[in-house]
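Participant: Here you go, one structure.
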Amino acid sequence: MSNIRKRILDGSFLYLQPWFYNNKLSFRCELGIGEGKEYMDNAFHRAISIANILFANKTIDATFYHLYFDNDGRTYDANALILKIDKIVELDRYSLIELEAIDDDIAAVKRYISYNIDFDTLESILKSQIECQLNPPVNFVSFDNEFVFSVYDDRGCDIVFFNNDKFKEFYSRLEPYFLEYDREKMKETFESI
């Protein structure tokens with residue numbers, strides 16, 4: 001079983017934003033470039049171009065997102081996507097509180113996992129995340145290449161790897177999309193592994 005497959009099933013794997021800064025083997029890519037309508041069009045087209053690099057076989061092994069619940073069992077994320085849910089994992093609430101990722105009034109955080117998502121569904125979700133800043137953000141997973149692809153909004157996305165070799169393999173392919181502000185940090189990581 002791949003490292004990332006095990007992690008998403010583990011409640012102690014928290015996967016917190018900002019993903020790029022919370023994970024050493026990560027890339028931060030810029031999506032929105034330009035102004036007005038051109039900016040939004042570029043954001044979507046760049047996100048799809050990155051997805052085509054990451055998921056060349058057009059198959060997404062898994063997606064996951066997190067929902068936050070209060071003591072009455074109500075969710076704070078009204079825009080949760082309707083995907084066929086294959087697995088629900090409760091995250092370690094005490095670790096989240098200790099990291100100040102949630103307040104005491106959050107009773108539970110659950111990870112909703114779906115397997116074997118087609119590329120059309122990925123495109124639809126990305127479009128919603130970019131145009132509507134869909135909350136919660138949906139994360140896309142490759143078991144073979146051991147990464148999680150996460151779009152935070154129209155400005156950009158993060159790709160977090162869980163294998164040094166895969167990080168190095170994708171570096172040059174994704175480099176044209178790197179956010180200039182974090183380019184040096186990504187280069188330093190690449191040269192250090």
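Residue numbering restarts at 1 for every chain of the structure tokens, chains are lettered A, B, ... in their displayed order, and ligands are numbered from 1 as they appear.
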Quick one: residues within 10 Å of A:Asp10, only C-alpha atoms, excluding same-chain residues fewer than 2 positions away - as a ChimeraX atom specification?

Facilitator: /A:4-8,12-14,89-92,111

Participant: What would the file look like if the residues just selected were written as an mmCIF file, in the first residue's frame with N, CA and C atoms?

Facilitator:
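And here's part_16.cif as it stands now:
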```
data_model
loop_
_atom_site.group_PDB
_atom_site.id
_atom_site.type_symbol
_atom_site.label_atom_id
_atom_site.label_comp_id
_atom_site.auth_asym_id
_atom_site.auth_seq_id
_atom_site.Cartn_x
_atom_site.Cartn_y
_atom_site.Cartn_z
ATOM 1 N N ILE A 4 0.863 7.480 0.645
ATOM 2 C CA ILE A 4 -0.233 8.451 0.696
ATOM 3 C C ILE A 4 -1.576 7.758 0.876
ATOM 4 N N ARG A 5 -1.754 6.552 0.354
ATOM 5 C CA ARG A 5 -3.005 5.810 0.553
ATOM 6 C C ARG A 5 -3.221 5.559 2.046
ATOM 7 N N LYS A 6 -2.143 5.166 2.749
ATOM 8 C CA LYS A 6 -2.224 4.928 4.195
ATOM 9 C C LYS A 6 -2.501 6.227 4.949
ATOM 10 N N ARG A 7 -1.845 7.284 4.541
ATOM 11 C CA ARG A 7 -1.965 8.559 5.263
ATOM 12 C C ARG A 7 -3.397 9.097 5.243
ATOM 13 N N ILE A 8 -4.043 9.071 4.086
ATOM 14 C CA ILE A 8 -5.379 9.676 4.044
ATOM 15 C C ILE A 8 -6.385 8.875 4.868
ATOM 16 N N SER A 12 -4.558 10.776 12.221
ATOM 17 C CA SER A 12 -3.487 11.648 12.720
ATOM 18 C C SER A 12 -2.800 12.421 11.587
ATOM 19 N N PHE A 13 -3.098 12.066 10.327
ATOM 20 C CA PHE A 13 -2.604 12.829 9.174
ATOM 21 C C PHE A 13 -3.585 13.981 8.967
ATOM 22 N N LEU A 14 -3.161 15.196 9.331
ATOM 23 C CA LEU A 14 -4.098 16.319 9.398
ATOM 24 C C LEU A 14 -4.217 17.103 8.101
ATOM 25 N N VAL A 89 -13.134 9.336 7.723
ATOM 26 C CA VAL A 89 -12.114 9.189 8.763
ATOM 27 C C VAL A 89 -12.221 10.388 9.694
ATOM 28 N N GLU A 90 -12.324 10.128 10.992
ATOM 29 C CA GLU A 90 -12.349 11.226 11.959
ATOM 30 C C GLU A 90 -10.912 11.628 12.281
ATOM 31 N N LEU A 91 -10.648 12.923 12.177
ATOM 32 C CA LEU A 91 -9.302 13.425 12.455
ATOM 33 C C LEU A 91 -9.093 13.586 13.959
ATOM 34 N N ASP A 92 -7.841 13.555 14.360
ATOM 35 C CA ASP A 92 -7.458 13.673 15.766
ATOM 36 C C ASP A 92 -7.749 15.102 16.250
ATOM 37 N N ARG A 111 -12.756 13.524 7.537
ATOM 38 C CA ARG A 111 -12.233 13.482 6.177
ATOM 39 C C ARG A 111 -13.151 12.578 5.357
#
```

Participant: Residues within 12 Å of A:Ala43, please, as a PyMOL selection string. Count only C-alpha atoms; anything in the same chain fewer than 4 positions from it doesn't count.

Facilitator: chain A and resi 29-39+47-50+126-131+151-157+177

Participant: Using only C-alpha atoms, which protein or nucleic acid residues come within 8 Å of stretch 19-24 of chain A? Drop anything in the same chain fewer than 3 positions from it, and give the result as a list in words.

Facilitator: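 Non-adjacent residues within range: Tyr15, Leu16, Phe27, Arg28, Asp158, Ile159, Val160 and Thr189 of chain A.
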
Participant: With only C-alpha atoms as the basis for distance, which of A:Asn163, A:Glu191, A:Arg183, A:Ser142 is at the shortest distance from A:Ala51?

Facilitator: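 Closest candidate: A:Ser142.
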
Participant: Counting only C-alpha atoms, figure out which residue out of A:Asp86, A:Asp61, A:Asp105, A:Asp165 gets nearest to A:Asn139.

Facilitator: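 Answer, going by the shortest atom-to-atom distance: A:Asp61.
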
Participant: For atom CA of A:Asp41 and atom CA of A:Glu175, quote the distance in Å rounded to one decimal.

Facilitator: 20.3 Å

Participant: Quick one: of A:Ile193, A:Leu9, A:Leu179, A:Ile60, who's nearest to A:Phe147, counting only C-alpha atoms?

Facilitator: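 When distances to A:Phe147 are compared using only C-alpha atoms, the smallest one comes from A:Ile60.
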
Participant: Would you work out the distance separating atom CA of A:Ser172 from atom CA of A:Phe44, expressed in Å to one decimal?

Facilitator: 21.1 Å

Participant: Which of stretch 5-85 of chain A counts as strand (DSSP E or B) under DSSP, as an mmCIF file with C-alpha atoms, in the first residue's frame please?

Facilitator:
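states.cif, freshly written:
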```cif
data_model
loop_
_atom_site.group_PDB
_atom_site.id
_atom_site.type_symbol
_atom_site.label_atom_id
_atom_site.label_comp_id
_atom_site.auth_asym_id
_atom_site.auth_seq_id
_atom_site.Cartn_x
_atom_site.Cartn_y
_atom_site.Cartn_z
ATOM 1 C CA SER A 26 5.731 20.680 -2.033
ATOM 2 C CA PHE A 27 5.256 22.971 -4.992
ATOM 3 C CA ARG A 28 3.247 26.200 -5.072
ATOM 4 C CA CYS A 29 1.959 27.123 -8.507
ATOM 5 C CA GLU A 30 0.368 30.331 -9.724
ATOM 6 C CA THR A 59 -7.476 8.816 -13.479
ATOM 7 C CA ILE A 60 -7.596 10.305 -10.015
ATOM 8 C CA ASP A 61 -7.114 7.577 -7.403
ATOM 9 C CA ALA A 62 -8.882 9.470 -4.624
ATOM 10 C CA THR A 63 -10.247 12.797 -3.486
ATOM 11 C CA PHE A 64 -10.785 13.999 0.029
ATOM 12 C CA TYR A 65 -12.116 17.014 1.849
ATOM 13 C CA HIS A 66 -12.655 17.921 5.494
ATOM 14 C CA LEU A 67 -15.891 18.916 7.208
ATOM 15 C CA TYR A 68 -16.041 20.585 10.621
ATOM 16 C CA PHE A 69 -18.886 19.797 13.035
ATOM 17 C CA THR A 75 -21.407 21.127 9.702
#
```

Participant: Using only C-alpha atoms, which residue out of A:Arg93, A:Lys185, A:Lys84, A:His45 lies closest to A:Ile113?

Facilitator: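 The shortest atom-to-atom distance to A:Ile113 comes from A:Lys84.
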